[in-house]
Amino acid sequence: MKELIARDLLSIGAVFLRPEEPFTWASGIKSPIYCDNRLTLTAPAVRNDVENGLVELIRREYPDAQVLMGTSTAGIAHAAIAAHIMGLPMGYVRSGAKDHGRNNRIEGKLEAGQRVVVVEDLISTAGSALDVVEALREAGAEVLGIASLFTYGMKKGLDRMAAAHVRNVSLTDFDTVVAVAARDGLIQSGDVARLLAFRDHPEDESWIGGKNA
(Lines give C-alpha, C1' and ligand atoms only; values in the text may rest on other atoms or scores of the structure.)
Protein backbone atom coordinates (compact mmCIF):
# COMPACT_ATOMS: atom_id res chain seq x y z
CA MET A 1 0.00 0.00 0.00
CA LYS A 2 2.76 2.48 0.92
CA GLU A 3 4.53 2.01 -2.40
CA LEU A 4 1.28 2.17 -4.40
CA ILE A 5 0.25 5.48 -2.82
CA ALA A 6 3.80 6.85 -3.11
CA ARG A 7 3.84 6.09 -6.83
CA ASP A 8 0.36 7.57 -7.21
CA LEU A 9 1.36 10.82 -5.51
CA LEU A 10 4.53 11.10 -7.57
CA SER A 11 2.70 10.35 -10.82
CA ILE A 12 0.34 13.32 -10.50
CA GLY A 13 2.82 15.73 -8.91
CA ALA A 14 1.02 15.73 -5.56
CA VAL A 15 4.47 15.02 -4.16
CA PHE A 16 7.28 16.62 -6.14
CA LEU A 17 10.97 16.08 -5.39
CA ARG A 18 13.44 18.76 -6.50
CA PRO A 19 16.66 18.48 -4.46
CA GLU A 20 18.64 20.61 -6.92
CA GLU A 21 16.18 23.52 -6.75
CA PRO A 22 14.73 23.53 -3.23
CA PHE A 23 11.33 24.98 -2.48
CA THR A 24 10.97 27.53 0.34
CA TRP A 25 8.37 26.83 3.01
CA ALA A 26 6.42 29.61 4.72
CA SER A 27 8.74 29.13 7.70
CA GLY A 28 11.71 29.96 5.48
CA ILE A 29 13.07 26.39 5.54
CA LYS A 30 14.50 25.18 2.25
CA SER A 31 12.86 21.92 1.23
CA PRO A 32 13.61 19.37 -1.51
CA ILE A 33 9.98 18.27 -1.51
CA TYR A 34 6.68 19.96 -2.26
CA CYS A 35 3.36 18.39 -1.30
CA ASP A 36 -0.09 19.26 -2.62
CA ASN A 37 -2.29 16.30 -1.84
CA ARG A 38 -5.37 18.23 -2.95
CA LEU A 39 -4.37 17.11 -6.44
CA THR A 40 -5.51 13.60 -5.52
CA LEU A 41 -9.10 14.83 -5.66
CA THR A 42 -8.78 15.76 -9.35
CA ALA A 43 -7.22 12.44 -10.39
CA PRO A 44 -10.01 9.83 -10.16
CA ALA A 45 -7.81 6.72 -10.31
CA VAL A 46 -5.46 8.06 -7.63
CA ARG A 47 -8.40 9.31 -5.58
CA ASN A 48 -9.86 5.81 -5.67
CA ASP A 49 -6.60 4.32 -4.36
CA VAL A 50 -6.34 6.96 -1.65
CA GLU A 51 -9.89 6.72 -0.34
CA ASN A 52 -10.01 2.93 -0.41
CA GLY A 53 -6.60 2.94 1.25
CA LEU A 54 -7.85 5.24 3.99
CA VAL A 55 -10.85 3.02 4.59
CA GLU A 56 -8.62 -0.06 4.83
CA LEU A 57 -6.22 1.78 7.14
CA ILE A 58 -8.94 3.04 9.47
CA ARG A 59 -10.74 -0.29 9.62
CA ARG A 60 -7.49 -2.08 10.45
CA GLU A 61 -5.89 0.43 12.84
CA TYR A 62 -8.99 2.02 14.42
CA PRO A 63 -11.72 -0.65 14.27
CA ASP A 64 -13.76 1.09 16.99
CA ALA A 65 -14.08 4.40 15.10
CA GLN A 66 -17.56 5.94 15.27
CA VAL A 67 -16.95 9.32 13.60
CA LEU A 68 -14.41 10.69 11.12
CA MET A 69 -13.36 14.32 11.54
CA GLY A 70 -11.43 16.07 8.79
CA THR A 71 -8.92 18.84 9.32
CA SER A 72 -9.76 22.15 7.69
CA THR A 73 -9.47 22.34 4.82
CA ALA A 74 -7.32 19.65 3.25
CA GLY A 75 -8.70 16.74 5.25
CA ILE A 76 -12.39 17.51 4.76
CA ALA A 77 -12.94 15.84 1.38
CA HIS A 78 -10.97 12.74 2.35
CA ALA A 79 -12.90 12.38 5.59
CA ALA A 80 -16.19 12.79 3.73
CA ILE A 81 -15.43 10.20 1.06
CA ALA A 82 -13.99 7.65 3.50
CA ALA A 83 -16.92 8.14 5.89
CA HIS A 84 -19.36 7.64 3.02
CA ILE A 85 -17.72 4.34 2.08
CA MET A 86 -17.67 3.21 5.70
CA GLY A 87 -21.20 4.38 6.48
CA LEU A 88 -19.95 6.58 9.34
CA PRO A 89 -20.85 10.12 10.43
CA MET A 90 -18.40 12.81 9.37
CA GLY A 91 -17.58 16.36 10.33
CA TYR A 92 -14.65 18.70 10.36
CA VAL A 93 -12.78 21.02 12.67
CA ARG A 94 -12.10 24.63 11.75
CA SER A 95 -8.72 26.23 12.39
CA GLY A 96 -10.61 28.68 14.61
CA ALA A 97 -14.16 29.22 15.81
CA LYS A 98 -16.55 31.09 13.51
CA ASP A 99 -17.12 34.73 14.42
CA HIS A 100 -20.83 34.54 13.61
CA GLY A 101 -23.85 32.26 14.02
CA ARG A 102 -23.25 29.63 16.68
CA ASN A 103 -19.49 30.28 16.75
CA ASN A 104 -18.81 26.64 15.99
CA ARG A 105 -15.33 25.29 15.61
CA ILE A 106 -16.47 21.70 15.18
CA GLU A 107 -18.89 21.29 12.29
CA GLY A 108 -21.18 18.28 12.31
CA LYS A 109 -22.83 16.44 15.17
CA LEU A 110 -20.43 15.16 17.81
CA GLU A 111 -21.50 13.65 21.09
CA ALA A 112 -19.33 13.43 24.20
CA GLY A 113 -17.66 10.04 24.45
CA GLN A 114 -17.78 9.24 20.73
CA ARG A 115 -14.68 7.56 19.34
CA VAL A 116 -13.17 9.77 16.64
CA VAL A 117 -10.48 9.40 14.00
CA VAL A 118 -8.96 12.61 12.63
CA VAL A 119 -8.33 12.57 8.87
CA GLU A 120 -5.41 14.73 7.71
CA ASP A 121 -3.71 15.08 4.32
CA LEU A 122 -0.12 15.36 5.57
CA ILE A 123 1.87 15.47 8.79
CA SER A 124 5.05 17.52 9.08
CA THR A 125 5.54 19.10 12.50
CA ALA A 126 2.01 17.97 13.49
CA GLY A 127 0.94 21.33 14.92
CA SER A 128 -2.32 21.77 13.03
CA ALA A 129 -3.40 18.15 13.51
CA LEU A 130 -2.75 18.33 17.24
CA ASP A 131 -4.81 21.54 17.46
CA VAL A 132 -7.71 19.57 15.98
CA VAL A 133 -7.19 16.72 18.44
CA GLU A 134 -7.20 19.18 21.33
CA ALA A 135 -10.46 20.78 20.15
CA LEU A 136 -12.11 17.36 19.86
CA ARG A 137 -10.90 16.30 23.28
CA GLU A 138 -12.20 19.53 24.78
CA ALA A 139 -15.59 18.69 23.23
CA GLY A 140 -15.55 15.36 25.06
CA ALA A 141 -14.60 13.07 22.18
CA GLU A 142 -12.31 10.08 22.58
CA VAL A 143 -9.72 10.61 19.85
CA LEU A 144 -8.42 7.23 18.75
CA GLY A 145 -5.77 8.80 16.54
CA ILE A 146 -4.99 10.33 13.17
CA ALA A 147 -5.17 8.76 9.71
CA SER A 148 -3.15 10.73 7.17
CA LEU A 149 -2.25 10.42 3.52
CA PHE A 150 1.42 11.28 3.95
CA THR A 151 3.87 11.89 6.76
CA TYR A 152 7.39 13.31 6.69
CA GLY A 153 8.40 11.36 9.78
CA MET A 154 10.14 14.44 11.18
CA LYS A 155 11.40 14.17 14.74
CA LYS A 156 9.63 17.35 15.84
CA GLY A 157 6.29 16.00 14.68
CA LEU A 158 6.89 12.57 16.22
CA ASP A 159 7.92 14.11 19.54
CA ARG A 160 4.90 16.41 19.60
CA MET A 161 2.48 13.56 18.96
CA ALA A 162 4.14 11.36 21.57
CA ALA A 163 3.89 14.16 24.16
CA ALA A 164 0.19 14.60 23.37
CA HIS A 165 -0.41 10.82 23.41
CA VAL A 166 -1.64 10.87 19.84
CA ARG A 167 -1.10 8.09 17.34
CA ASN A 168 -0.79 8.67 13.60
CA VAL A 169 -0.92 6.09 10.82
CA SER A 170 -0.27 7.14 7.22
CA LEU A 171 -0.92 5.69 3.79
CA THR A 172 2.66 6.47 2.80
CA ASP A 173 5.66 8.38 4.07
CA PHE A 174 8.70 10.39 3.07
CA ASP A 175 11.09 7.43 3.13
CA THR A 176 8.85 5.36 0.85
CA VAL A 177 8.37 8.23 -1.61
CA VAL A 178 12.13 8.77 -1.80
CA ALA A 179 12.80 5.06 -2.32
CA VAL A 180 10.17 4.78 -5.06
CA ALA A 181 11.39 7.96 -6.77
CA ALA A 182 14.97 6.64 -6.84
CA ARG A 183 13.88 3.23 -8.13
CA ASP A 184 11.77 4.83 -10.86
CA GLY A 185 14.57 7.17 -11.93
CA LEU A 186 12.85 10.37 -10.80
CA ILE A 187 15.85 11.28 -8.66
CA GLN A 188 19.45 10.11 -8.70
CA SER A 189 20.57 7.42 -6.27
CA GLY A 190 22.92 9.87 -4.58
CA ASP A 191 20.00 12.13 -3.72
CA VAL A 192 18.53 9.60 -1.29
CA ALA A 193 20.98 10.35 1.53
CA ARG A 194 20.54 14.11 1.02
CA LEU A 195 16.76 13.83 1.21
CA LEU A 196 16.87 11.72 4.35
CA ALA A 197 19.29 14.24 5.89
CA PHE A 198 16.68 16.94 5.26
CA ARG A 199 14.00 14.83 6.94
CA ASP A 200 16.17 14.32 10.03
CA HIS A 201 17.28 17.96 10.34
CA PRO A 202 15.16 20.26 8.14
CA GLU A 203 16.67 23.42 9.62
CA ASP A 204 20.18 22.32 8.60
CA GLU A 205 20.70 23.29 4.96
CA SER A 206 23.96 21.40 4.53
CA TRP A 207 22.09 18.72 2.56
CA ILE A 208 21.72 21.25 -0.28
CA GLY A 209 25.45 21.15 -1.01
CA GLY A 210 25.60 17.35 -1.14
CA LYS A 211 26.91 15.71 -4.28
CA ASN A 212 25.03 13.11 -6.29
CA ALA A 213 26.53 9.68 -6.79
# chains A, B, ... in the order shown; residues from 1 in each chain; ligands from 1
call {"tool": "residues_around", "arguments": {"residues": "Arg59 (chain A)", "least_positions_apart": "3", "cutoff": "12 Å", "atoms": "only C-alpha atoms", "output": "JSON, numbers by chain"}}
result
{"A": [52, 53, 54, 55, 56, 62, 63, 64, 65, 66, 68, 82, 83, 85, 86, 87, 88, 117, 147, 169]}
call {"tool": "closest_atom_pairs", "arguments": {"of": "region 30-59 of chain A", "to": "region 185-197 of chain A", "cutoff": "12 Å", "atoms": "only C-alpha atoms", "output": "tab-separated table"}}
result
residue	atom	partner	partner_atom	distance
A:Lys30	CA	A:Leu195	CA	11.6
A:Ser31	CA	A:Leu195	CA	9.0
A:Pro32	CA	A:Leu195	CA	6.9
A:Ile33	CA	A:Leu195	CA	8.5
call {"tool": "atom_distance", "arguments": {"atom1": "CA of Ala163 (chain A)", "atom2": "CA of Asn37 (chain A)"}}
result
26.8 Å
call {"tool": "residues_around", "arguments": {"residues": "region 71-75 of chain A", "least_positions_apart": "2", "cutoff": "12 Å", "atoms": "only C-alpha atoms", "output": "MDAnalysis selection string"}}
result
chainID A and resid 35:41 51 54 68:69 77:83 90:97 105:107 117:123 126:133 135:136 146:150
call {"tool": "atom_distance", "arguments": {"atom1": "CA of Ala14 (chain A)", "atom2": "CA of Glu203 (chain A)"}}
result
23.1 Å
call {"tool": "select_by_dssp", "arguments": {"residues": "region 122-208 of chain A", "states": "alpha helix (DSSP H)", "output": "number ranges by chain"}}
result
A: 127-138, 155-163, 174-183, 191-200
call {"tool": "atom_distance", "arguments": {"atom1": "CA of Ala179 (chain A)", "atom2": "CA of Ile76 (chain A)"}}
result
29.0 Å
